[in-house]
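Text of data.cif (mmCIF, C-alpha atoms and all ligand atoms) as supplied:
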```
data_run
#
loop_
_atom_site.label_atom_id
_atom_site.label_comp_id
_atom_site.auth_asym_id
_atom_site.auth_seq_id
_atom_site.Cartn_x
_atom_site.Cartn_y
_atom_site.Cartn_z
CA MET A 11 -21.70 6.26 -21.46
CA ARG A 12 -19.05 4.92 -19.09
CA GLU A 13 -15.53 5.24 -20.42
CA THR A 14 -13.42 2.09 -20.54
CA ALA A 15 -10.37 2.94 -18.35
CA THR A 16 -10.95 1.92 -14.76
CA ALA A 17 -10.20 4.10 -11.76
CA LEU A 18 -7.80 1.44 -10.48
CA SER A 19 -5.82 1.30 -13.71
CA GLU A 20 -5.41 5.10 -13.67
CA LEU A 21 -4.33 5.06 -10.03
CA ARG A 22 -1.86 2.30 -10.76
CA SER A 23 -0.30 3.85 -13.81
CA ALA A 24 0.06 7.22 -12.05
CA THR A 25 1.91 5.67 -9.10
CA ARG A 26 3.64 2.47 -10.26
CA ALA A 27 7.04 4.09 -10.84
CA LEU A 28 6.76 6.02 -7.56
CA HIS A 29 6.08 2.79 -5.67
CA GLU A 30 9.08 1.13 -7.29
CA GLN A 31 11.34 4.06 -6.37
CA LEU A 32 10.02 4.09 -2.83
CA GLU A 33 10.61 0.38 -2.34
CA ALA A 34 14.11 0.67 -3.83
CA SER A 35 15.05 3.55 -1.52
CA LEU A 36 13.51 2.40 1.75
CA PRO A 37 15.94 0.74 4.18
CA VAL A 38 13.04 -1.32 5.61
CA ALA A 39 12.43 -2.91 2.20
CA ASP A 40 16.05 -4.13 2.05
CA ALA A 41 16.56 -7.89 2.30
CA ASN A 42 18.76 -7.35 5.40
CA ALA A 43 16.40 -4.94 7.16
CA GLY A 44 15.93 -5.47 10.88
CA ARG A 45 14.13 -4.03 13.87
CA GLU A 46 15.81 -0.62 13.68
CA GLU A 47 14.83 -0.05 10.04
CA PHE A 48 11.29 -1.18 10.85
CA LEU A 49 10.98 1.22 13.80
CA HIS A 50 12.25 4.10 11.68
CA TYR A 51 9.72 3.19 9.00
CA LEU A 52 6.90 3.20 11.55
CA GLN A 53 7.99 6.54 13.01
CA ASP A 54 8.16 8.13 9.59
CA MET A 55 4.80 6.72 8.47
CA TRP A 56 3.32 8.10 11.69
CA GLY A 57 4.90 11.51 11.02
CA TRP A 58 3.39 11.63 7.55
CA LEU A 59 -0.06 10.23 8.33
CA SER A 60 -0.52 12.29 11.48
CA GLY A 61 -1.23 15.42 9.42
CA PHE A 62 -4.43 14.13 7.83
CA GLU A 63 -5.66 10.68 8.89
CA ALA A 64 -8.61 11.97 10.91
CA GLN A 65 -9.66 14.55 8.29
CA LEU A 66 -9.50 11.94 5.54
CA TRP A 67 -11.69 9.31 7.16
CA GLN A 68 -14.05 11.67 8.93
CA ALA A 69 -14.99 13.27 5.60
CA GLU A 70 -17.90 11.94 3.55
CA TRP A 71 -17.53 8.37 2.22
CA PRO A 72 -19.88 5.81 0.66
CA SER A 73 -21.07 3.43 3.39
CA GLY A 74 -19.46 0.48 1.55
CA MET A 75 -16.05 1.91 2.41
CA ASN A 76 -16.58 1.41 6.14
CA ALA A 77 -14.46 4.52 6.65
CA ALA A 78 -14.63 4.47 10.45
CA ALA A 79 -12.87 1.10 10.53
CA ARG A 80 -10.08 2.44 8.30
CA ASP A 81 -9.46 5.43 10.57
CA GLY A 82 -7.03 3.87 13.03
CA LYS A 83 -3.64 3.29 11.50
CA LEU A 84 -1.95 5.95 13.63
CA ALA A 85 -3.21 4.01 16.64
CA TRP A 86 -1.79 0.75 15.20
CA ILE A 87 1.60 2.42 14.79
CA GLU A 88 1.45 3.88 18.30
CA THR A 89 0.72 0.41 19.69
CA ASP A 90 3.85 -0.87 17.96
CA LEU A 91 6.10 1.99 19.01
CA ARG A 92 4.99 1.57 22.62
CA ALA A 93 5.59 -2.18 22.41
CA ALA A 94 9.10 -1.36 21.18
CA GLY A 95 9.69 0.75 24.29
CA MET A 96 8.83 4.26 23.14
CA ALA A 97 7.27 6.20 26.01
CA GLY A 98 4.50 8.80 25.87
CA ALA A 99 6.75 11.87 25.75
CA ALA A 100 8.92 10.45 22.95
CA LEU A 101 5.78 9.58 20.99
CA ALA A 102 4.38 13.06 21.49
CA SER A 103 7.54 14.65 20.11
CA LEU A 104 7.91 12.50 16.99
CA PRO A 105 8.72 14.67 13.96
CA GLN A 106 5.70 15.42 11.78
CA ALA A 107 5.74 16.01 8.03
CA GLY A 108 2.87 18.48 8.20
CA TYR A 109 1.40 17.07 4.99
CA ARG A 110 -2.17 18.33 4.47
CA PRO A 111 -3.48 17.09 1.14
CA ALA A 112 -6.57 18.69 -0.37
CA LEU A 113 -9.45 16.44 0.65
CA ASP A 114 -12.42 18.51 -0.48
CA THR A 115 -13.64 16.27 -3.31
CA PRO A 116 -14.42 12.53 -3.36
CA ALA A 117 -11.83 12.09 -6.15
CA ALA A 118 -9.05 13.65 -4.05
CA ARG A 119 -10.07 11.51 -1.06
CA PHE A 120 -10.07 8.29 -3.09
CA GLY A 121 -6.63 9.14 -4.48
CA VAL A 122 -5.09 9.66 -1.05
CA ALA A 123 -6.93 6.63 0.37
CA TYR A 124 -5.51 4.46 -2.44
CA VAL A 125 -1.99 5.16 -1.17
CA ILE A 126 -2.80 4.40 2.47
CA GLU A 127 -4.94 1.35 1.85
CA GLY A 128 -2.49 0.06 -0.77
CA ALA A 129 0.36 0.36 1.73
CA GLN A 130 -1.33 -2.45 3.66
CA LEU A 131 -0.84 -4.81 0.73
CA GLY A 132 2.92 -4.94 1.14
CA GLY A 133 2.60 -5.84 4.84
CA ARG A 134 2.86 -9.58 4.36
CA VAL A 135 5.95 -9.32 2.18
CA LEU A 136 7.53 -7.00 4.73
CA GLY A 137 6.50 -9.32 7.58
CA ARG A 138 8.28 -12.24 5.93
CA THR A 139 11.54 -10.29 5.39
CA LEU A 140 11.51 -8.92 8.92
CA ALA A 141 10.43 -12.15 10.65
CA PRO A 142 13.94 -13.23 11.75
CA ALA A 143 14.58 -9.78 13.30
CA LEU A 144 11.18 -9.47 14.98
CA GLY A 145 11.17 -12.89 16.65
CA ASP A 146 7.81 -13.61 18.24
CA TRP A 147 6.61 -9.98 17.94
CA THR A 148 3.84 -9.56 15.37
CA PRO A 149 3.47 -5.79 15.00
CA ARG A 150 -0.04 -4.37 14.72
CA TRP A 151 0.93 -2.42 11.59
CA LEU A 152 1.97 -5.61 9.82
CA GLN A 153 -1.21 -7.43 10.84
CA GLY A 154 -3.23 -4.73 9.10
CA TYR A 155 -6.77 -5.95 8.44
CA GLY A 156 -5.63 -9.56 8.96
CA GLU A 157 -8.03 -12.09 7.44
CA GLU A 158 -10.18 -9.19 6.23
CA GLN A 159 -7.42 -7.68 4.08
CA ALA A 160 -8.78 -8.85 0.73
CA ARG A 161 -12.32 -7.81 1.67
CA TYR A 162 -11.21 -4.27 2.58
CA TRP A 163 -9.17 -3.90 -0.61
CA GLN A 164 -12.01 -5.18 -2.80
CA ALA A 165 -14.48 -2.83 -1.09
CA PHE A 166 -12.11 0.07 -1.72
CA ILE A 167 -11.86 -0.81 -5.42
CA ARG A 168 -15.64 -1.25 -5.78
CA CYS A 169 -16.36 2.11 -4.15
CA ALA A 170 -13.63 3.88 -6.16
CA GLU A 171 -15.01 2.49 -9.43
CA SER A 172 -18.55 3.59 -8.53
CA ALA A 173 -17.49 7.06 -7.43
CA LEU A 174 -14.94 7.86 -10.16
CA VAL A 175 -17.03 7.45 -13.29
CA THR A 176 -15.76 10.38 -15.34
CA GLN A 177 -12.34 10.73 -16.89
CA GLU A 178 -11.95 14.01 -15.01
CA ALA A 179 -12.62 12.38 -11.62
CA ARG A 180 -10.25 9.52 -12.37
CA ARG A 181 -7.50 11.95 -13.37
CA GLU A 182 -8.05 14.00 -10.23
CA ALA A 183 -7.81 10.87 -8.06
CA ALA A 184 -4.67 9.68 -9.87
CA ALA A 185 -3.02 13.09 -9.44
CA ALA A 186 -3.89 13.12 -5.72
CA ALA A 187 -2.42 9.63 -5.30
CA ALA A 188 0.78 10.59 -7.14
CA GLN A 189 1.10 13.71 -5.02
CA ALA A 190 0.61 11.75 -1.79
CA PHE A 191 3.25 9.21 -2.87
CA SER A 192 5.70 11.98 -3.77
CA SER A 193 5.20 13.76 -0.47
CA LEU A 194 5.77 10.50 1.43
CA ALA A 195 8.92 9.75 -0.58
CA ALA A 196 10.27 13.25 0.09
CA TRP A 197 9.52 12.87 3.80
CA PHE A 198 11.24 9.45 4.02
CA ALA A 199 14.26 10.94 2.22
CA GLN A 200 14.36 13.95 4.57
CA ARG A 201 14.24 11.67 7.62
CA GLN A 202 16.98 9.43 6.21
CA ARG A 203 19.23 12.45 5.65
CA MET A 204 18.60 13.60 9.21
CA ARG A 205 19.47 10.21 10.65
CA ALA A 206 22.60 9.99 8.50
CA GLY A 207 23.62 13.46 9.78
CA ASN A 208 23.11 12.34 13.39
CA GLU A 209 25.23 9.23 12.75
CA VAL A 210 28.09 11.36 11.36
CA ARG A 211 27.96 13.66 14.40
CA ARG A 212 28.10 10.66 16.74
CA VAL A 213 31.23 9.14 15.12
CA PRO A 214 34.24 10.28 17.19
CA ASP A 215 36.94 12.27 15.40
CA ALA A 216 39.45 9.71 14.10
CA ALA A 217 42.32 12.23 13.85
C1 LIG A 301 7.89 -0.96 2.83
C2 LIG A 301 8.04 -1.65 1.77
C3 LIG A 301 6.95 -2.02 0.82
C4 LIG A 301 6.83 -3.20 0.21
C5 LIG A 301 7.75 -4.41 0.36
C6 LIG A 301 5.65 -3.14 -0.61
C7 LIG A 301 5.19 -4.18 -1.38
C8 LIG A 301 4.00 -4.18 -2.06
C9 LIG A 301 3.44 -5.33 -2.76
C10 LIG A 301 4.08 -6.72 -2.78
C11 LIG A 301 2.28 -4.94 -3.30
C12 LIG A 301 1.33 -5.81 -4.14
C13 LIG A 301 0.42 -6.55 -3.22
C14 LIG A 301 -0.66 -7.35 -3.95
O1 LIG A 301 -0.85 -7.20 -5.16
O2 LIG A 301 -1.31 -8.13 -3.24
C15 LIG A 301 2.09 -3.56 -2.98
C16 LIG A 301 1.01 -2.80 -3.38
C17 LIG A 301 0.85 -1.48 -3.06
N1 LIG A 301 1.65 -0.73 -2.23
FE1 LIG A 301 3.40 -1.29 -1.44
N2 LIG A 301 5.07 -1.93 -0.49
C18 LIG A 301 5.82 -1.20 0.39
C19 LIG A 301 5.60 0.08 0.81
C20 LIG A 301 4.54 0.84 0.40
C21 LIG A 301 4.29 2.19 0.85
C22 LIG A 301 5.14 2.94 1.87
C23 LIG A 301 3.18 2.62 0.20
C24 LIG A 301 2.47 3.93 0.31
C25 LIG A 301 2.23 4.52 1.47
C26 LIG A 301 2.73 1.54 -0.65
C27 LIG A 301 1.63 1.58 -1.46
C28 LIG A 301 1.14 0.56 -2.21
C29 LIG A 301 -0.03 0.62 -3.06
C30 LIG A 301 -0.90 1.85 -3.29
C31 LIG A 301 -0.24 -0.66 -3.58
C32 LIG A 301 -1.39 -1.09 -4.44
C33 LIG A 301 -1.01 -1.30 -5.89
C34 LIG A 301 -2.23 -1.82 -6.66
O3 LIG A 301 -2.46 -3.03 -6.63
O4 LIG A 301 -2.94 -1.02 -7.24
N3 LIG A 301 3.57 0.47 -0.50
N4 LIG A 301 3.14 -3.12 -2.22
#
```
How would this structure read if it were set down as structure tokens?
Amino acid sequence: MRETATALSELRSATRALHEQLEASLPVADANAGREEFLHYLQDMWGWLSGFEAQLWQAEWPSGMNAAARDGKLAWIETDLRAAGMAGAALASLPQAGYRPALDTPAARFGVAYVIEGAQLGGRVLGRTLAPALGDWTPRWLQGYGEEQARYWQAFIRCAESALVTQEARREAAAAAAQAFSSLAAWFAQRQRMRAGNEVRRVPDAA
């Protein structure tokens, strides 16, 4: 018999606090965030996702997920960084987190996908905060799936609920999602420390 907890509720309760911490610590989520914070956010997302996007989406997925269409967020970010003036060589040398989550079971894949697909949900909120700083630029990353956003999210939930029918699978997915969130948070923090260090080195000696 199917147990009552849903996959989505397990994913949410495993990651809710991590999402809150992430939002509270990210400069781009600040009410006064501007273009610079947004470009740092994009660079860091790229550096984290670059380690596994292709492996994640090119693995086995139910057809309802439309995995091939989800496998392109690095390209969205690259479009935005180029539009902001970053040239090929600078793009090629962006720091990479080297995160390689285990992706060998459907449960692990759904857990990691939850984090990436969920990240699209905050795009509109972020777009509104950043609108004054971005002027008439509508970044590809913030457009996400556009009008199709709700359809993609619903399809993800439907497929996750059909695939994660045992408590064990749901726990595995929730643990994978929490691990992905934690690794992203650690990476953002590392990059912020590096930038702060660079700032300090650039400030001329006041003595
Ligand atoms: C940059 C600032 C961010 C803001 C302002 C933000 C905001 C939001 C908001 C408003 C929602 C709820 C959307 C809805 O219910 O329609 C949401 C959901 C979500 N966000 Fe974020 N978010 C941010 C960053 C991120 C990042 C970096 C990740 C992970 C890579 C992430 C992962 C998620 C997930 C997984 C959900 C789905 C929660 C659920 O409904 O189960 N978010 N976010």
Per residue of chain A within 8 Å of ligand LIG 301 (chain A), note the shortest atom pair and the distance in Å to one decimal, counting only C-alpha atoms and all ligand atoms, and order the rows by chain and increasing residue number, as JSON lines.
```
{"residue": "A:Leu18", "atom": "CA", "partner": "A:LIG301", "partner_atom": "O4", "distance": 6.3}
{"residue": "A:Ser19", "atom": "CA", "partner": "A:LIG301", "partner_atom": "O4", "distance": 7.5}
{"residue": "A:Leu21", "atom": "CA", "partner": "A:LIG301", "partner_atom": "O4", "distance": 6.8}
{"residue": "A:Arg22", "atom": "CA", "partner": "A:LIG301", "partner_atom": "O4", "distance": 5.0}
{"residue": "A:Thr25", "atom": "CA", "partner": "A:LIG301", "partner_atom": "C30", "distance": 7.5}
{"residue": "A:Arg26", "atom": "CA", "partner": "A:LIG301", "partner_atom": "C33", "distance": 7.4}
{"residue": "A:His29", "atom": "CA", "partner": "A:LIG301", "partner_atom": "C26", "distance": 6.2}
{"residue": "A:Leu32", "atom": "CA", "partner": "A:LIG301", "partner_atom": "C22", "distance": 6.9}
{"residue": "A:Glu33", "atom": "CA", "partner": "A:LIG301", "partner_atom": "C2", "distance": 5.3}
{"residue": "A:Leu36", "atom": "CA", "partner": "A:LIG301", "partner_atom": "C1", "distance": 6.6}
{"residue": "A:Val38", "atom": "CA", "partner": "A:LIG301", "partner_atom": "C1", "distance": 5.9}
{"residue": "A:Ala39", "atom": "CA", "partner": "A:LIG301", "partner_atom": "C2", "distance": 4.6}
{"residue": "A:Tyr51", "atom": "CA", "partner": "A:LIG301", "partner_atom": "C1", "distance": 7.7}
{"residue": "A:Met55", "atom": "CA", "partner": "A:LIG301", "partner_atom": "C22", "distance": 7.6}
{"residue": "A:Tyr124", "atom": "CA", "partner": "A:LIG301", "partner_atom": "C30", "distance": 5.4}
{"residue": "A:Val125", "atom": "CA", "partner": "A:LIG301", "partner_atom": "C30", "distance": 4.1}
{"residue": "A:Ile126", "atom": "CA", "partner": "A:LIG301", "partner_atom": "C25", "distance": 5.1}
{"residue": "A:Glu127", "atom": "CA", "partner": "A:LIG301", "partner_atom": "C30", "distance": 6.6}
{"residue": "A:Gly128", "atom": "CA", "partner": "A:LIG301", "partner_atom": "C29", "distance": 3.4}
{"residue": "A:Ala129", "atom": "CA", "partner": "A:LIG301", "partner_atom": "C26", "distance": 3.6}
{"residue": "A:Gln130", "atom": "CA", "partner": "A:LIG301", "partner_atom": "N1", "distance": 6.8}
{"residue": "A:Leu131", "atom": "CA", "partner": "A:LIG301", "partner_atom": "C13", "distance": 4.5}
{"residue": "A:Gly132", "atom": "CA", "partner": "A:LIG301", "partner_atom": "C8", "distance": 3.5}
{"residue": "A:Gly133", "atom": "CA", "partner": "A:LIG301", "partner_atom": "C6", "distance": 6.8}
{"residue": "A:Arg134", "atom": "CA", "partner": "A:LIG301", "partner_atom": "C10", "distance": 7.8}
{"residue": "A:Val135", "atom": "CA", "partner": "A:LIG301", "partner_atom": "C5", "distance": 5.5}
{"residue": "A:Leu136", "atom": "CA", "partner": "A:LIG301", "partner_atom": "C5", "distance": 5.1}
{"residue": "A:Phe191", "atom": "CA", "partner": "A:LIG301", "partner_atom": "C24", "distance": 6.2}
{"residue": "A:Leu194", "atom": "CA", "partner": "A:LIG301", "partner_atom": "C25", "distance": 6.9}
```
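Counting from CA of Ala179 in chain A, the distance to CA of Gly74 in chain A is 19.0 Å.
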Pick from A:Leu140, A:Ala184, A:Ala97, A:Ala199: nearest to Ala118 in chain A, with only C-alpha atoms counted? A:Ala184
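CA of Arg181 in chain A sits 19.7 Å away from CA of Arg110 in chain A.
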Proximity to Ala143 in chain A - best of A:Val175, A:Ala187, A:Ala41, A:Ala69, all atoms listed in the file: A:Ala41
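One distance worth recording is that between CA of Gly82 in chain A and CA of Ala34 in chain A, which is 27.2 Å.
Nearest to Phe62 in chain A of all the residues A:Ala160, A:Glu171, A:Glu30, A:Ala190 is A:Ala190, counting only C-alpha atoms.
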Taking 6 positions as the minimum chain separation for residues in the same chain, which residues sit within 8 Å of Trp197 in chain A when counting all atoms listed in the file? Answer as a list of chain:residue names. A:Asp54, A:Trp58, A:Ala107
Please write out, as JSON, where the centre of an axis-aligned box around all listed atoms of range 144-150 of chain A lies and how long its edges are, in Å to one decimal, after adding 8 Å on each side.
```
{"center_x": 5.6, "center_y": -9.0, "center_z": 16.5, "size_x": 27.2, "size_y": 25.2, "size_z": 19.5}
```
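Using all atoms listed in the file, the protein and nucleic acid residues lying no more than 9 Å from Tyr162 in chain A, apart from those fewer than 5 places from it along its own chain, are Met75, Asn76, Arg80, Glu127, Tyr155 and Ile167 of chain A.
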Quick one: range 64-79 of chain A with N, CA and C atoms, as an mmCIF file, in the coordinates of the input?
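And here is the file that came out, rebuild.cif:
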```cif
data_model
loop_
_atom_site.group_PDB
_atom_site.id
_atom_site.type_symbol
_atom_site.label_atom_id
_atom_site.label_comp_id
_atom_site.auth_asym_id
_atom_site.auth_seq_id
_atom_site.Cartn_x
_atom_site.Cartn_y
_atom_site.Cartn_z
ATOM 1 N N ALA A 64 -7.251 11.729 10.387
ATOM 2 C CA ALA A 64 -8.610 11.970 10.910
ATOM 3 C C ALA A 64 -9.458 12.720 9.884
ATOM 4 N N GLN A 65 -8.899 13.760 9.271
ATOM 5 C CA GLN A 65 -9.660 14.550 8.290
ATOM 6 C C GLN A 65 -10.078 13.679 7.103
ATOM 7 N N LEU A 66 -9.182 12.786 6.698
ATOM 8 C CA LEU A 66 -9.500 11.940 5.540
ATOM 9 C C LEU A 66 -10.704 11.056 5.831
ATOM 10 N N TRP A 67 -10.647 10.316 6.919
ATOM 11 C CA TRP A 67 -11.690 9.310 7.160
ATOM 12 C C TRP A 67 -12.951 9.894 7.761
ATOM 13 N N GLN A 68 -12.839 11.079 8.359
ATOM 14 C CA GLN A 68 -14.050 11.670 8.930
ATOM 15 C C GLN A 68 -14.792 12.520 7.905
ATOM 16 N N ALA A 69 -14.261 12.585 6.688
ATOM 17 C CA ALA A 69 -14.990 13.270 5.600
ATOM 18 C C ALA A 69 -16.098 12.326 5.097
ATOM 19 N N GLU A 70 -16.772 12.753 4.042
ATOM 20 C CA GLU A 70 -17.900 11.940 3.550
ATOM 21 C C GLU A 70 -17.407 10.771 2.687
ATOM 22 N N TRP A 71 -17.909 9.575 2.972
ATOM 23 C CA TRP A 71 -17.530 8.370 2.220
ATOM 24 C C TRP A 71 -18.773 7.541 1.933
ATOM 25 N N PRO A 72 -18.775 6.761 0.867
ATOM 26 C CA PRO A 72 -19.880 5.810 0.660
ATOM 27 C C PRO A 72 -19.870 4.797 1.804
ATOM 28 N N SER A 73 -21.037 4.316 2.216
ATOM 29 C CA SER A 73 -21.070 3.430 3.390
ATOM 30 C C SER A 73 -20.280 2.144 3.141
ATOM 31 N N GLY A 74 -20.192 1.713 1.871
ATOM 32 C CA GLY A 74 -19.460 0.480 1.550
ATOM 33 C C GLY A 74 -17.976 0.562 1.879
ATOM 34 N N MET A 75 -17.467 1.770 2.068
ATOM 35 C CA MET A 75 -16.050 1.910 2.410
ATOM 36 C C MET A 75 -15.766 1.545 3.859
ATOM 37 N N ASN A 76 -16.792 1.642 4.712
ATOM 38 C CA ASN A 76 -16.580 1.410 6.140
ATOM 39 C C ASN A 76 -15.424 2.286 6.656
ATOM 40 N N ALA A 77 -15.560 3.587 6.392
ATOM 41 C CA ALA A 77 -14.460 4.520 6.650
ATOM 42 C C ALA A 77 -14.028 4.522 8.115
ATOM 43 N N ALA A 78 -14.990 4.395 9.030
ATOM 44 C CA ALA A 78 -14.630 4.470 10.450
ATOM 45 C C ALA A 78 -13.624 3.379 10.817
ATOM 46 N N ALA A 79 -13.774 2.206 10.198
ATOM 47 C CA ALA A 79 -12.870 1.100 10.530
ATOM 48 C C ALA A 79 -11.481 1.311 9.919
#
```
